Amino acid sequence: RQMCIRDSSTLFLGDSGTIESITIRVNGALNLNGGYTLSYATLTGDGLIEQNGQTFINNAAVRGNLTFDGDVRNEGFLAPGNSPGTTII
């Protein structure tokens with residue numbers, strides 16, 4: 001399964017819940033509010049992860065050229081981009 005947020009699109013996640021997908025591809029923006037949990041094998045894309053003051057905890061693989069607008073705790077695998085790639089925190 002793959003969840004894709006396309007260019008110039010934003011997915012807003014409200015109070016709480018869980019999104020589960022093998023791959024989450026963010027080419028627009030993913031806005032995390034409240035107590036939302038992402039469950040994935042790979043988080044990738046060229047987009048923005050808006051954290052709204054939360055710490056993003058990676059426990060799987062983050063790839064691509066993503067930008068995080070807050071703190072990230074990496075407990076998994078971080079592999080930026082496409083030779084060379086960039087992950088901005």
# chains A, B, ... in the order shown; residues from 1 in each chain; ligands from 1
>>> residues_around(residues="range 69-79 of chain A", least_positions_apart="5", cutoff="12 Å", atoms="only C-alpha atoms", output="ChimeraX atom specification")
/A:29-32,40-45,47-64,84-89
>>> write_last_selection(atoms="C-alpha atoms", output="JSON list (two decimals), in the first residue's frame")
[["chain", "number", "residue", "atom", "x", "y", "z"],
["A", 29, "ALA", "CA", 2.81, 18.96, 2.80],
["A", 30, "LEU", "CA", 1.79, 16.66, 5.63],
["A", 31, "ASN", "CA", 0.46, 18.63, 8.60],
["A", 32, "LEU", "CA", 0.60, 16.67, 11.86],
["A", 40, "TYR", "CA", 5.17, 3.11, 7.70],
["A", 41, "ALA", "CA", 8.07, 1.15, 6.28],
["A", 42, "THR", "CA", 9.27, 4.11, 4.18],
["A", 43, "LEU", "CA", 8.53, 7.85, 4.36],
["A", 44, "THR", "CA", 9.79, 9.59, 1.23],
["A", 45, "GLY", "CA", 9.22, 12.45, -1.21],
["A", 47, "GLY", "CA", 7.76, 17.67, 0.57],
["A", 48, "LEU", "CA", 7.28, 19.28, 3.96],
["A", 49, "ILE", "CA", 6.38, 17.59, 7.24],
["A", 50, "GLU", "CA", 4.66, 20.24, 9.41],
["A", 51, "GLN", "CA", 4.92, 19.13, 13.02],
["A", 52, "ASN", "CA", 3.21, 21.93, 14.95],
["A", 53, "GLY", "CA", 5.57, 21.74, 17.91],
["A", 54, "GLN", "CA", 5.69, 17.94, 18.08],
["A", 55, "THR", "CA", 8.84, 15.84, 17.87],
["A", 56, "PHE", "CA", 8.76, 13.57, 14.83],
["A", 57, "ILE", "CA", 9.91, 10.06, 15.77],
["A", 58, "ASN", "CA", 11.25, 7.93, 12.92],
["A", 59, "ASN", "CA", 11.33, 4.22, 13.67],
["A", 60, "ALA", "CA", 11.55, 2.97, 10.08],
["A", 61, "ALA", "CA", 13.13, 4.51, 6.93],
["A", 62, "VAL", "CA", 13.09, 8.17, 5.89],
["A", 63, "ARG", "CA", 14.30, 8.73, 2.33],
["A", 64, "GLY", "CA", 14.04, 11.42, -0.33],
["A", 84, "PRO", "CA", 23.21, 13.86, -3.31],
["A", 85, "GLY", "CA", 20.01, 14.31, -1.40],
["A", 86, "THR", "CA", 18.97, 16.63, 1.38],
["A", 87, "THR", "CA", 16.93, 16.18, 4.51],
["A", 88, "ILE", "CA", 16.30, 19.49, 6.29],
["A", 89, "ILE", "CA", 15.46, 19.52, 9.99]]
>>> atom_distance(atom1="CA of Thr67 in chain A", atom2="CA of Thr23 in chain A")
17.0 Å
>>> atom_distance(atom1="CA of Val26 in chain A", atom2="CA of Arg6 in chain A")
6.8 Å
>>> decode(residues="range 23-61 of chain A", atoms="N, CA and C atoms", output="compact mmCIF listing (two decimals), in the first residue's frame")
# COMPACT_ATOMS: atom_id res chain seq x y z
N THR A 23 4.35 2.62 2.24
CA THR A 23 5.10 3.79 1.82
C THR A 23 4.21 5.02 1.92
N ILE A 24 4.72 6.07 2.54
CA ILE A 24 4.05 7.36 2.55
C ILE A 24 4.94 8.30 1.75
N ARG A 25 4.41 8.81 0.63
CA ARG A 25 5.16 9.70 -0.26
C ARG A 25 4.58 11.10 -0.13
N VAL A 26 5.40 12.04 0.33
CA VAL A 26 4.96 13.42 0.55
C VAL A 26 5.67 14.32 -0.45
N ASN A 27 4.92 14.80 -1.44
CA ASN A 27 5.46 15.77 -2.39
C ASN A 27 4.83 17.13 -2.20
N GLY A 28 3.83 17.21 -1.37
CA GLY A 28 3.21 18.47 -0.97
C GLY A 28 3.58 18.72 0.49
N ALA A 29 2.57 18.75 1.36
CA ALA A 29 2.81 18.96 2.80
C ALA A 29 1.94 18.02 3.61
N LEU A 30 2.51 17.49 4.67
CA LEU A 30 1.79 16.66 5.63
C LEU A 30 1.79 17.42 6.94
N ASN A 31 0.60 17.82 7.39
CA ASN A 31 0.46 18.63 8.60
C ASN A 31 0.01 17.74 9.74
N LEU A 32 0.89 17.54 10.72
CA LEU A 32 0.60 16.67 11.86
C LEU A 32 0.16 17.52 13.05
N ASN A 33 -1.09 17.37 13.46
CA ASN A 33 -1.62 18.04 14.64
C ASN A 33 -1.92 17.01 15.71
N GLY A 34 -1.88 17.41 16.95
CA GLY A 34 -2.31 16.54 18.03
C GLY A 34 -1.50 15.27 18.15
N GLY A 35 -2.18 14.18 18.46
CA GLY A 35 -1.52 12.92 18.77
C GLY A 35 -1.55 11.92 17.64
N TYR A 36 -1.32 12.36 16.41
CA TYR A 36 -1.36 11.46 15.27
C TYR A 36 -0.13 10.58 15.22
N THR A 37 -0.30 9.32 14.82
CA THR A 37 0.79 8.37 14.68
C THR A 37 0.85 7.91 13.23
N LEU A 38 2.06 7.93 12.66
CA LEU A 38 2.27 7.38 11.33
C LEU A 38 2.95 6.04 11.49
N SER A 39 2.44 5.04 10.79
CA SER A 39 3.05 3.72 10.79
C SER A 39 3.42 3.40 9.35
N TYR A 40 4.71 3.28 9.07
CA TYR A 40 5.17 3.11 7.70
C TYR A 40 6.46 2.31 7.67
N ALA A 41 6.77 1.76 6.51
CA ALA A 41 8.07 1.15 6.28
C ALA A 41 9.01 2.19 5.69
N THR A 42 8.47 3.06 4.80
CA THR A 42 9.27 4.11 4.18
C THR A 42 8.47 5.40 4.10
N LEU A 43 9.06 6.50 4.54
CA LEU A 43 8.53 7.85 4.36
C LEU A 43 9.47 8.54 3.39
N THR A 44 8.93 9.04 2.27
CA THR A 44 9.79 9.59 1.23
C THR A 44 9.09 10.74 0.52
N GLY A 45 9.79 11.39 -0.39
CA GLY A 45 9.22 12.45 -1.21
C GLY A 45 10.11 13.67 -1.24
N ASP A 46 9.53 14.76 -1.73
CA ASP A 46 10.21 16.05 -1.83
C ASP A 46 9.38 17.12 -1.13
N GLY A 47 8.71 16.76 -0.05
CA GLY A 47 7.76 17.67 0.57
C GLY A 47 8.13 18.13 1.96
N LEU A 48 7.14 18.67 2.65
CA LEU A 48 7.28 19.28 3.96
C LEU A 48 6.46 18.50 4.98
N ILE A 49 7.08 18.18 6.10
CA ILE A 49 6.38 17.59 7.24
C ILE A 49 6.21 18.70 8.27
N GLU A 50 4.97 19.18 8.45
CA GLU A 50 4.66 20.24 9.41
C GLU A 50 4.29 19.60 10.73
N GLN A 51 5.06 19.87 11.77
CA GLN A 51 4.92 19.13 13.02
C GLN A 51 4.17 19.87 14.11
N ASN A 52 3.97 21.15 13.97
CA ASN A 52 3.21 21.93 14.95
C ASN A 52 3.69 21.73 16.38
N GLY A 53 5.00 21.82 16.57
CA GLY A 53 5.57 21.74 17.91
C GLY A 53 5.84 20.34 18.41
N GLN A 54 5.47 19.31 17.66
CA GLN A 54 5.69 17.94 18.08
C GLN A 54 7.07 17.47 17.63
N THR A 55 7.62 16.49 18.32
CA THR A 55 8.84 15.84 17.87
C THR A 55 8.45 14.69 16.96
N PHE A 56 9.03 14.65 15.76
CA PHE A 56 8.76 13.57 14.83
C PHE A 56 9.69 12.41 15.19
N ILE A 57 9.12 11.23 15.40
CA ILE A 57 9.91 10.06 15.77
C ILE A 57 9.92 9.10 14.58
N ASN A 58 11.10 8.87 14.03
CA ASN A 58 11.25 7.93 12.92
C ASN A 58 11.72 6.60 13.48
N ASN A 59 10.93 5.55 13.23
CA ASN A 59 11.33 4.22 13.67
C ASN A 59 11.38 3.26 12.49
N ALA A 60 11.45 3.80 11.28
CA ALA A 60 11.55 2.97 10.08
C ALA A 60 12.57 3.61 9.14
N ALA A 61 12.21 3.90 7.89
CA ALA A 61 13.13 4.51 6.93
C ALA A 61 12.58 5.84 6.42
